[in-house]
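Next comes upload11.pdb, a file with PDB, C-alpha atoms and all ligand atoms.
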ATOM      1  CA  MET L   3     -31.163  24.495 -13.537
ATOM      2  CA  ASN L   4     -33.359  26.491 -11.153
ATOM      3  CA  PHE L   5     -32.896  30.051  -9.922
ATOM      4  CA  ARG L   6     -31.409  28.955  -6.572
ATOM      5  CA  SER L   7     -28.749  26.811  -8.149
ATOM      6  CA  ILE L   8     -27.807  29.602 -10.569
ATOM      7  CA  ILE L   9     -27.321  31.977  -7.607
ATOM      8  CA  ARG L  10     -25.322  29.280  -5.817
ATOM      9  CA  GLU L  11     -23.037  28.863  -8.823
ATOM     10  CA  ILE L  12     -22.473  32.597  -9.083
ATOM     11  CA  ILE L  13     -21.598  32.833  -5.357
ATOM     12  CA  ASP L  14     -19.332  29.780  -5.663
ATOM     13  CA  SER L  15     -17.416  31.193  -8.588
ATOM     14  CA  LEU L  16     -16.972  34.569  -6.829
ATOM     15  CA  LEU L  17     -15.797  32.872  -3.651
ATOM     16  CA  ARG L  18     -13.499  30.347  -5.333
ATOM     17  CA  PRO L  19     -10.353  32.494  -5.791
ATOM     18  CA  ILE L  20     -10.673  34.027  -2.302
ATOM     19  CA  LEU L  21     -11.094  30.653  -0.648
ATOM     20  CA  LEU L  22      -8.384  28.871  -2.579
ATOM     21  CA  THR L  23      -5.946  31.656  -1.714
ATOM     22  CA  SER L  24      -6.880  31.589   1.956
ATOM     23  CA  PHE L  25      -6.558  27.751   2.065
ATOM     24  CA  ARG L  26      -3.057  28.154   0.618
ATOM     25  CA  LEU L  27      -2.067  30.805   3.167
ATOM     26  CA  MET L  28      -3.848  29.987   6.413
ATOM     27  CA  PRO L  29      -1.953  28.237   9.231
ATOM     28  CA  ILE L  30      -1.995  24.444   8.832
ATOM     29  CA  LYS L  31      -3.864  24.087  12.105
ATOM     30  CA  TYR L  32      -6.920  26.011  10.827
ATOM     31  CA  LEU L  33      -6.806  24.468   7.383
ATOM     32  CA  ALA L  34      -6.721  21.037   9.032
ATOM     33  CA  TYR L  35      -9.780  21.942  11.079
ATOM     34  CA  VAL L  36     -11.688  22.999   7.962
ATOM     35  CA  ALA L  37     -10.484  19.957   5.972
ATOM     36  CA  GLY L  38     -11.545  17.665   8.808
ATOM     37  CA  LEU L  39     -15.072  19.036   8.787
ATOM     38  CA  ARG L  40     -16.010  16.678   5.958
ATOM     39  CA  TYR L  41     -15.523  13.808   8.425
ATOM     40  CA  ALA L  42     -17.265  15.742  11.160
ATOM     41  CA  ASN L  43     -20.614  15.767   9.409
ATOM     42  CA  GLY L  44     -22.612  13.488  11.658
ATOM     43  CA  ASN L  45     -20.298  13.305  14.664
ATOM     44  CA  THR L  46     -21.049  14.268  18.197
ATOM     45  CA  LEU L  47     -18.613  17.113  18.712
ATOM     46  CA  GLY L  48     -20.848  20.036  17.868
ATOM     47  CA  SER L  49     -19.060  20.362  14.537
ATOM     48  CA  ARG L  50     -22.163  19.102  12.749
ATOM     49  CA  SER L  51     -23.894  22.480  12.779
ATOM     50  CA  LEU L  52     -20.661  24.237  11.906
ATOM     51  CA  TYR L  53     -20.260  21.806   9.006
ATOM     52  CA  ARG L  54     -23.745  22.718   7.751
ATOM     53  CA  VAL L  55     -23.133  26.461   8.102
ATOM     54  CA  ILE L  56     -19.726  26.278   6.426
ATOM     55  CA  THR L  57     -20.893  24.122   3.531
ATOM     56  CA  SER L  58     -23.894  26.314   2.915
ATOM     57  CA  ILE L  59     -21.719  29.447   2.858
ATOM     58  CA  LEU L  60     -18.702  28.014   1.053
ATOM     59  CA  GLY L  61     -20.563  25.663  -1.274
ATOM     60  CA  MET L  62     -18.469  23.210  -3.245
ATOM     61  CA  ASN L  63     -15.297  25.278  -2.769
ATOM     62  CA  PHE L  64     -15.138  23.768   0.656
ATOM     63  CA  VAL L  65     -14.074  20.373  -0.764
ATOM     64  CA  SER L  66     -10.798  21.925  -1.947
ATOM     65  CA  ALA L  67      -9.558  22.263   1.650
ATOM     66  CA  PRO L  68      -8.343  18.631   2.076
ATOM     67  CA  GLU L  69      -6.739  18.678  -1.355
ATOM     68  CA  ILE L  70      -4.838  21.900  -0.623
ATOM     69  CA  LEU L  71      -3.872  20.603   2.820
ATOM     70  CA  ASN L  72      -2.524  17.474   1.126
ATOM     71  CA  GLN L  73      -0.499  19.537  -1.392
ATOM     72  CA  ARG L  74       0.948  21.765   1.344
ATOM     73  CA  LEU L  75       1.959  18.819   3.519
ATOM     74  CA  LEU L  76       3.564  17.020   0.589
ATOM     75  CA  LYS L  77       5.791  20.017  -0.085
ATOM     76  CA  MET L  78       7.244  19.880   3.454
ATOM     77  CA  ASP L  79      10.325  17.894   4.400
ATOM     78  CA  PRO L  80       9.454  14.723   6.395
ATOM     79  CA  LYS L  81      10.214  16.219   9.840
ATOM     80  CA  ARG L  82       8.112  19.342   9.301
ATOM     81  CA  ARG L  83       5.398  17.171   7.794
ATOM     82  CA  ARG L  84       5.497  14.923  10.858
ATOM     83  CA  ASN L  85       4.865  17.868  13.182
ATOM     84  CA  ALA L  86       2.217  19.315  10.894
ATOM     85  CA  SER L  87       0.490  15.943  10.743
ATOM     86  CA  LYS L  88       0.247  15.892  14.537
ATOM     87  CA  LEU L  89      -1.455  19.275  14.332
ATOM     88  CA  VAL L  90      -3.882  17.815  11.803
ATOM     89  CA  TRP L  91      -4.812  14.991  14.182
ATOM     90  CA  GLN L  92      -5.141  17.327  17.133
ATOM     91  CA  GLN L  93      -8.091  19.140  15.540
ATOM     92  CA  ASP L  94     -11.327  17.880  17.034
ATOM     93  CA  THR L  95     -12.914  17.518  13.590
ATOM     94  CA  THR L  96     -10.741  14.446  12.900
ATOM     95  CA  SER L  97     -12.246  12.365  15.717
ATOM     96  CA  ALA L  98     -15.194  11.351  13.569
ATOM     97  CA  TRP L  99     -12.926   8.567  12.238
ATOM     98  CA  SER L 100     -14.128   6.383  15.026
ATOM     99  CA  ASP L 101     -17.829   7.116  14.900
ATOM    100  CA  SER L 102     -18.868   4.111  12.870
ATOM    101  CA  HIS L 103     -17.646   1.845  15.683
ATOM    102  CA  PHE L 104     -20.590   3.143  17.683
ATOM    103  CA  SER L 105     -23.132   3.812  14.944
ATOM    104  CA  ASN L 106     -22.512   0.575  13.031
ATOM    105  CA  PRO L 107     -20.720  -1.961  15.253
ATOM    106  CA  GLU L 108     -21.847  -4.932  13.132
ATOM    107  CA  MET L 109     -19.979  -3.584  10.124
ATOM    108  CA  ARG L 110     -16.874  -2.590  12.092
ATOM    109  CA  ALA L 111     -16.750  -5.956  13.879
ATOM    110  CA  LYS L 112     -16.055  -7.604  10.502
ATOM    111  CA  GLN L 113     -12.658  -5.910  10.321
ATOM    112  CA  PHE L 114      -9.639  -8.190  10.552
ATOM    113  CA  VAL L 115      -8.195  -6.799  13.807
ATOM    114  CA  TYR L 116     -11.366  -7.464  15.786
ATOM    115  CA  HIS L 117     -12.137 -10.984  14.608
ATOM    116  CA  GLU L 118      -8.443 -11.853  14.967
ATOM    117  CA  ILE L 119      -8.432 -10.727  18.612
ATOM    118  CA  LYS L 120     -11.690 -12.622  19.143
ATOM    119  CA  SER L 121     -10.086 -15.830  17.829
ATOM    120  CA  LEU L 122      -6.993 -15.293  20.012
ATOM    121  CA  TYR L 123      -9.295 -14.895  23.003
ATOM    122  CA  GLU L 124     -11.087 -18.130  22.117
ATOM    123  CA  VAL L 125      -7.788 -20.011  21.840
ATOM    124  CA  LEU L 126      -6.151 -18.568  24.984
ATOM    125  CA  ARG L 127      -9.392 -18.842  27.004
ATOM    126  CA  ARG L 128      -8.532 -15.988  29.356
ATOM    127  CA  PRO L 129      -9.142 -12.230  29.411
ATOM    128  CA  LEU L 130      -6.614 -10.287  27.348
ATOM    129  CA  SER L 131      -4.695  -7.135  28.178
ATOM    130  CA  ILE L 132      -4.801  -4.839  25.164
ATOM    131  CA  LEU L 133      -2.834  -1.760  24.138
ATOM    132  CA  GLU L 134      -4.111   0.303  21.214
ATOM    133  CA  LEU L 135      -2.316   2.987  19.204
ATOM    134  CA  GLY L 136      -4.672   5.443  17.489
ATOM    135  CA  CYS L 137      -7.709   4.626  19.657
ATOM    136  CA  VAL L 138      -9.564   7.869  18.761
ATOM    137  CA  THR L 139     -12.804   7.882  20.842
ATOM    138  CA  GLY L 140     -12.587   4.288  22.106
ATOM    139  CA  GLY L 141     -14.322   2.545  19.214
ATOM    140  CA  SER L 142     -12.152  -0.589  19.259
ATOM    141  CA  LEU L 143     -12.863  -1.288  22.907
ATOM    142  CA  HIS L 144     -16.564  -0.930  22.117
ATOM    143  CA  ILE L 145     -16.261  -3.501  19.308
ATOM    144  CA  LEU L 146     -14.316  -5.953  21.496
ATOM    145  CA  ARG L 147     -17.085  -5.715  24.095
ATOM    146  CA  HIS L 148     -19.657  -6.142  21.319
ATOM    147  CA  LEU L 149     -17.848  -9.370  20.307
ATOM    148  CA  ASP L 150     -17.826 -10.571  23.962
ATOM    149  CA  VAL L 151     -14.050 -10.537  24.168
ATOM    150  CA  GLN L 152     -13.076 -10.243  27.825
ATOM    151  CA  VAL L 153     -10.481  -7.559  28.392
ATOM    152  CA  SER L 154      -8.517  -7.565  31.656
ATOM    153  CA  ARG L 155      -6.801  -4.244  30.978
ATOM    154  CA  TYR L 156      -7.009  -1.793  28.085
ATOM    155  CA  LEU L 157      -4.938   1.296  27.329
ATOM    156  CA  GLY L 158      -5.734   3.448  24.299
ATOM    157  CA  ILE L 159      -3.290   6.135  23.151
ATOM    158  CA  ASP L 160      -4.051   9.046  20.861
ATOM    159  CA  ILE L 161      -2.689  12.539  20.294
ATOM    160  CA  SER L 162      -6.168  14.013  19.956
ATOM    161  CA  LYS L 163      -7.165  15.497  23.311
ATOM    162  CA  SER L 164     -10.794  15.933  22.293
ATOM    163  CA  ALA L 165     -11.033  12.306  21.109
ATOM    164  CA  ILE L 166      -9.555  11.027  24.380
ATOM    165  CA  GLU L 167     -11.971  13.183  26.374
ATOM    166  CA  VAL L 168     -14.882  11.573  24.529
ATOM    167  CA  ALA L 169     -13.363   8.097  25.101
ATOM    168  CA  LYS L 170     -12.862   8.757  28.816
ATOM    169  CA  SER L 171     -16.425   9.898  29.302
ATOM    170  CA  ARG L 172     -17.752   6.913  27.323
ATOM    171  CA  PHE L 173     -15.867   4.430  29.496
ATOM    172  CA  SER L 174     -15.928   6.374  32.792
ATOM    173  CA  LYS L 175     -17.580   3.436  34.601
ATOM    174  CA  ASP L 176     -15.179   0.841  33.194
ATOM    175  CA  SER L 177     -12.329   0.328  35.667
ATOM    176  CA  THR L 178     -10.344  -1.825  33.197
ATOM    177  CA  ALA L 179     -10.199   0.921  30.539
ATOM    178  CA  SER L 180      -7.734   3.783  30.471
ATOM    179  CA  PHE L 181      -6.816   6.327  27.823
ATOM    180  CA  ALA L 182      -3.749   8.519  27.423
ATOM    181  CA  VAL L 183      -3.343  11.694  25.366
ATOM    182  CA  GLY L 184       0.043  12.086  23.758
ATOM    183  CA  ASP L 185       2.509  11.238  21.083
ATOM    184  CA  PHE L 186       2.880   7.448  20.595
ATOM    185  CA  THR L 187       6.648   7.271  21.153
ATOM    186  CA  GLN L 188       6.488   9.487  24.220
ATOM    187  CA  VAL L 189       3.616   7.567  25.910
ATOM    188  CA  LEU L 190       5.121   4.172  25.002
ATOM    189  CA  GLY L 191       8.323   5.217  26.733
ATOM    190  CA  GLU L 192       6.386   5.998  29.907
ATOM    191  CA  ILE L 193       3.849   3.183  30.342
ATOM    192  CA  GLY L 194       6.153   0.631  32.035
ATOM    193  CA  GLU L 195       3.507  -2.134  31.752
ATOM    194  CA  MET L 196       3.268  -5.109  29.449
ATOM    195  CA  TYR L 197       0.306  -6.164  27.321
ATOM    196  CA  ASP L 198      -0.759  -9.389  25.615
ATOM    197  CA  VAL L 199      -1.841  -7.694  22.398
ATOM    198  CA  LEU L 200      -1.139  -4.463  20.533
ATOM    199  CA  LEU L 201      -4.088  -3.443  18.328
ATOM    200  CA  VAL L 202      -3.352  -1.120  15.389
ATOM    201  CA  ASN L 203      -5.955  -0.349  12.760
ATOM    202  CA  LEU L 204      -5.289   2.133   9.935
ATOM    203  CA  THR L 205      -2.919   4.290  11.990
ATOM    204  CA  PHE L 206       0.695   3.476  11.046
ATOM    205  CA  LEU L 207       0.069   4.520   7.451
ATOM    206  CA  PHE L 208       0.022   8.130   8.685
ATOM    207  CA  LEU L 209       3.554   7.913  10.134
ATOM    208  CA  ASP L 210       6.833   8.438   8.270
ATOM    209  CA  GLU L 211       9.338   5.562   8.330
ATOM    210  CA  GLU L 212      11.877   7.182  10.647
ATOM    211  CA  TYR L 213       9.197   7.837  13.268
ATOM    212  CA  LEU L 214       7.568   4.427  12.703
ATOM    213  CA  ARG L 215      10.918   2.730  13.359
ATOM    214  CA  GLN L 216      11.408   4.717  16.589
ATOM    215  CA  LEU L 217       7.967   3.550  17.644
ATOM    216  CA  VAL L 218       8.338  -0.134  16.637
ATOM    217  CA  SER L 219      11.732  -0.307  18.382
ATOM    218  CA  LYS L 220       9.900   0.323  21.679
ATOM    219  CA  LEU L 221       7.302  -2.411  21.175
ATOM    220  CA  SER L 222       9.313  -5.535  21.938
ATOM    221  CA  ASP L 223       9.454  -4.450  25.615
ATOM    222  CA  VAL L 224       5.727  -3.828  25.797
ATOM    223  CA  VAL L 225       3.726  -6.423  23.820
ATOM    224  CA  ASN L 226       3.794 -10.125  22.944
ATOM    225  CA  ILE L 227       1.465 -10.084  19.959
ATOM    226  CA  ILE L 228       0.667  -7.397  17.404
ATOM    227  CA  VAL L 229      -2.600  -7.482  15.494
ATOM    228  CA  ILE L 230      -2.493  -4.967  12.691
ATOM    229  CA  SER L 231      -4.289  -3.831   9.563
ATOM    230  CA  GLU L 232      -2.643  -1.155   7.393
ATOM    231  CA  LYS L 233      -2.718  -0.161   3.728
ATOM    232  CA  GLU L 234       0.319  -0.795   1.553
ATOM    233  CA  LEU L 235       1.026  -0.161  -2.120
ATOM    234  CA  PRO L 236       1.276  -3.260  -4.362
ATOM    235  CA  ASN L 237       4.819  -4.596  -5.030
ATOM    236  CA  GLN L 238       6.131  -2.712  -2.029
ATOM    237  CA  SER L 239       7.950  -5.486  -0.175
ATOM    238  CA  GLY L 240      11.664  -4.855   0.281
ATOM    239  CA  LYS L 241      11.194  -1.206  -0.728
ATOM    240  CA  ALA L 242      11.642   1.928   1.337
ATOM    241  CA  SER L 243       8.517   3.697   2.529
ATOM    242  CA  GLN L 244       6.886   6.170   0.199
ATOM    243  CA  VAL L 245       3.954   8.526   0.250
ATOM    244  CA  GLY L 246       0.929   6.363  -0.438
ATOM    245  CA  ASP L 247      -1.256   9.136  -1.867
ATOM    246  CA  TRP L 248      -4.535   7.251  -1.777
ATOM    247  CA  GLY L 249      -6.156  10.625  -2.079
ATOM    248  CA  ASN L 250      -8.720  10.387   0.696
ATOM    249  CA  SER L 251      -6.665  11.644   3.615
ATOM    250  CA  PRO L 252      -4.093  14.399   4.040
ATOM    251  CA  ILE L 253      -0.881  12.379   4.272
ATOM    252  CA  ASP L 254      -0.414   8.643   4.147
ATOM    253  CA  TYR L 255       2.568   6.397   3.637
ATOM    254  CA  SER L 256       3.068   2.930   2.271
ATOM    255  CA  HIS L 257       5.551   0.898   4.340
ATOM    256  CA  ASP L 258       6.970  -2.588   4.036
ATOM    257  CA  TYR L 259       5.502  -3.537   7.403
ATOM    258  CA  GLU L 260       6.771  -7.106   7.431
ATOM    259  CA  ARG L 261      10.371  -5.945   6.991
ATOM    260  CA  ILE L 262      10.119  -3.108   9.526
ATOM    261  CA  PHE L 263       8.621  -5.383  12.200
ATOM    262  CA  ALA L 264      11.209  -8.103  11.471
ATOM    263  CA  ASP L 265      13.988  -5.554  12.107
ATOM    264  CA  TYR L 266      12.682  -5.149  15.678
ATOM    265  CA  GLY L 267      12.036  -8.795  16.543
ATOM    266  CA  PHE L 268       8.434  -9.417  15.387
ATOM    267  CA  THR L 269       7.615 -12.152  12.893
ATOM    268  CA  VAL L 270       4.396 -12.781  11.007
ATOM    269  CA  GLN L 271       2.606 -15.765  12.497
ATOM    270  CA  LYS L 272      -0.602 -15.421  10.510
ATOM    271  CA  GLY L 273      -1.853 -13.305   7.602
ATOM    272  CA  GLY L 274       0.205 -10.906   5.495
ATOM    273  CA  LEU L 275      -0.413  -8.758   2.440
ATOM    274  CA  VAL L 276      -3.856  -9.164   0.851
ATOM    275  CA  PRO L 277      -5.816  -7.123  -1.716
ATOM    276  CA  PHE L 278      -7.582  -4.158  -0.136
ATOM    277  CA  TYR L 279     -11.270  -4.519   0.487
ATOM    278  CA  ASN L 280     -13.557  -1.920   1.860
ATOM    279  CA  PRO L 281     -15.816  -3.366   4.553
ATOM    280  CA  MET L 282     -16.601   0.086   5.913
ATOM    281  CA  GLY L 283     -18.022   1.377   2.665
ATOM    282  CA  LEU L 284     -15.624   4.327   2.804
ATOM    283  CA  GLN L 285     -15.511   6.623  -0.176
ATOM    284  CA  SER L 286     -12.401   5.493  -1.941
ATOM    285  CA  SER L 287     -10.389   6.509  -4.942
ATOM    286  CA  LYS L 288      -9.349   4.106  -7.728
ATOM    287  CA  LYS L 289      -5.811   4.112  -6.284
ATOM    288  CA  LEU L 290      -7.122   2.905  -2.964
ATOM    289  CA  GLU L 291      -9.125   0.123  -4.541
ATOM    290  CA  THR L 292      -6.049  -1.222  -6.288
ATOM    291  CA  SER L 293      -3.908  -1.087  -3.131
ATOM    292  CA  MET L 294      -3.102  -3.870  -0.703
ATOM    293  CA  ILE L 295      -3.646  -4.265   3.006
ATOM    294  CA  PHE L 296      -1.211  -5.756   5.487
ATOM    295  CA  GLU L 297      -3.375  -7.755   7.872
ATOM    296  CA  ALA L 298      -1.352  -9.828  10.232
ATOM    297  CA  ARG L 299      -0.731 -11.309  13.620
ATOM    298  CA  LEU L 300       2.923 -10.878  14.562
ATOM    299  CA  VAL L 301       4.696 -12.423  17.526
ATOM    300  CA  ASN L 302       7.530 -11.117  19.642
ATOM    301  CA  SER L 303      10.571 -13.356  19.265
ATOM    302  CA  LYS L 304      11.420 -12.632  22.923
ATOM    303  CA  PRO L 305       8.061 -13.397  24.607
ATOM    304  CA  LEU L 306       7.399 -11.377  27.739
ATOM    305  CA  THR L 307       6.056 -12.705  31.005
ATOM    306  CA  ILE L 308       2.745 -11.088  31.753
TER
HETATM  307  C1  LIG L 401      -7.006   7.098  11.255
HETATM  308  S1  LIG L 401      -7.088   7.346  12.906
HETATM  309  C2  LIG L 401      -7.226   5.736  13.600
HETATM  310  C3  LIG L 401      -8.391   4.952  13.116
HETATM  311  C4  LIG L 401      -8.913   3.989  14.139
HETATM  312  N1  LIG L 401      -7.871   3.119  14.653
HETATM  313  C5  LIG L 401     -10.031   3.193  13.514
HETATM  314  O1  LIG L 401      -9.947   1.960  13.492
HETATM  315  O2  LIG L 401     -11.015   3.810  13.074
HETATM  316  C6  LIG L 401      -5.426   7.681  13.375
HETATM  317  C7  LIG L 401      -5.340   8.149  14.823
HETATM  318  O3  LIG L 401      -3.972   8.166  15.209
HETATM  319  C8  LIG L 401      -3.719   9.334  15.967
HETATM  320  N2  LIG L 401      -2.318   9.703  15.751
HETATM  321  C9  LIG L 401      -1.709   9.976  14.563
HETATM  322  N3  LIG L 401      -0.395  10.238  14.753
HETATM  323  C10 LIG L 401      -0.180  10.130  16.094
HETATM  324  C11 LIG L 401       0.973  10.255  16.914
HETATM  325  N4  LIG L 401       2.158  10.567  16.399
HETATM  326  N5  LIG L 401       0.859  10.044  18.243
HETATM  327  C12 LIG L 401      -0.366   9.743  18.792
HETATM  328  N6  LIG L 401      -1.507   9.613  18.059
HETATM  329  C13 LIG L 401      -1.410   9.801  16.734
HETATM  330  C14 LIG L 401      -4.672  10.370  15.406
HETATM  331  O4  LIG L 401      -4.976  11.372  16.352
HETATM  332  C15 LIG L 401      -5.884   9.547  15.007
HETATM  333  O5  LIG L 401      -6.899   9.589  15.987
END

Please go through the file and, once you have read it, give me the structure as structure tokens.
Ligand SMILES: C[S@@+](CC[C@H](N)C(=O)[O-])C[C@H]1O[C@@H](n2cnc3c(N)ncnc32)[C@H](O)[C@@H]1O
Amino acid sequence: MNFRSIIREIIDSLLRPILLTSFRLMPIKYLAYVAGLRYANGNTLGSRSLYRVITSILGMNFVSAPEILNQRLLKMDPKRRRNASKLVWQQDTTSAWSDSHFSNPEMRAKQFVYHEIKSLYEVLRRPLSILELGCVTGGSLHILRHLDVQVSRYLGIDISKSAIEVAKSRFSKDSTASFAVGDFTQVLGEIGEMYDVLLVNLTFLFLDEEYLRQLVSKLSDVVNIIVISEKELPNQSGKASQVGDWGNSPIDYSHDYERIFADYGFTVQKGGLVPFYNPMGLQSSKKLETSMIFEARLVNSKPLTI
């Protein structure tokens, strides 16, 4: 151990109690910002330098922020947690979720939702209208273009204003693309347009069941086909939703997606529950590796005329 690392350890151990206490007391909004910085390392939002400064000052204590955020959210009742989770997503440090769509499109294009939409496009042989929930900075649209899927109309919805601003500037010259900032259930209630396909990738696992049901109940008037990929705990079918606790994000739930969709008129046409794999090379805990993923194409039992 060299002199620098000894000094670093001394500073870390002096800072530890102060930081842990402040992470336990600070408003969720600020804690979420700090916790999100670990994703922000390498993104385009100017948080990169802040990330470097913060990690060099806070040292390894900094990694406790997401864990403490997780513990604080878990202690809340579901409604308070739902509102707090929106605050988490509204911090601009969480938009880095979508960065790999742009930095590594080849890898992202391997994900189920994209090759499934590509095969639908090849079968239907016409441009598709696509609605996406949890579009972040527009990464999915980028991948669909990368795969030469023709899109007649695209609407991406996300509660993160900063992510939607990035998406809008990325696709400012694309007249078929639009993006809306807002809560899913609120925007879905206002769009008044129908879409061929709803794309959802790793987004519903962050929603509690009551909210998810409110959302899914609105879908049968808006989309014909749902293409979805979401994590689920093993042996979960027929069971009520529970906190997934995969340990790499603040709050995540495991839902019996097949049952919830069936309750609102959508049936699985292709796919279903499969063992989780990690095409994105994300850092994952053991729990995550032993989980399952619901990858499916669902169809509306009352098809809409588009
Ligand atoms: C994990 S990210 C989505 C990942 C992305 N689909 C991908 O493939 O990389 C979840 C997104 O959903 C958004 N979100 C979460 N809850 C929301 C809500 N209630 N209303 C609107 N957007 C929400 C967050 O802002 C976040 O950008």

Mind listing the residues within 7 Å of ligand LIG 401 (chain L), only C-alpha atoms and all ligand atoms counted, as a PyMOL selection string?
-> chain L and resi 88+91-92+96-97+99-100+135-138+142+159-162+184-186+202-205+208-209

Size and centre in Å, one decimal, axis-aligned box, all listed region 271-277 of chain L atoms plus 8 Å per side, as JSON:
{"center_x": -1.6, "center_y": -11.4, "center_z": 5.4, "size_x": 24.4, "size_y": 24.6, "size_z": 30.2}

How many Å lie between CA of Ser293 (chain L) and CA of Pro236 (chain L), rounded to one decimal?
->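 Between these atoms lies a distance of 5.8 Å.
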
Answer key for the PyMOL selection byres (((chain L and resi 296) around 10) and not hetatm), residues as a VMD selection string = chain L and resid 204 230 to 235 257 to 260 273 to 278 294 to 295 297 to 299

Identify, on the basis of all atoms listed in the file, every residue whose closest approach to region 121-124 of chain L does not exceed 12 Å; exclude the query and any residue fewer than 3 positions from it along the same chain; express the result as a list in words.
->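 The residues that qualify are Phe114, Val115, Tyr116, His117, Glu118, Arg127, Arg128, Pro129, Leu130, Ser131, Ile132, Leu146, Leu149, Asp150, Val151, Gln152, Val153, Ser154, Asp198, Val199, Ile227, Ile228, Val229, Lys272 and Arg299 of chain L.
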
Check which residues satisfy the PyMOL selection byres (((chain L and resi 144) around 10) and not hetatm) in the file shown, then give them as a ChimeraX atom specification.
-> /L:103-104,107,111,139-143,145-150,172-173

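Nearest-residue note for Tyr255 (chain L): choosing from L:Asn85, L:Gln238, L:Thr269, L:Asn302, the minimum distance belongs to L:Gln238, counting only C-alpha atoms.
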
Could you check how far CA of Ile262 (chain L) sits from CA of Ala34 (chain L), in Å to one decimal?
->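 Separation of CA of Ile262 (chain L) and CA of Ala34 (chain L): 29.4 Å.
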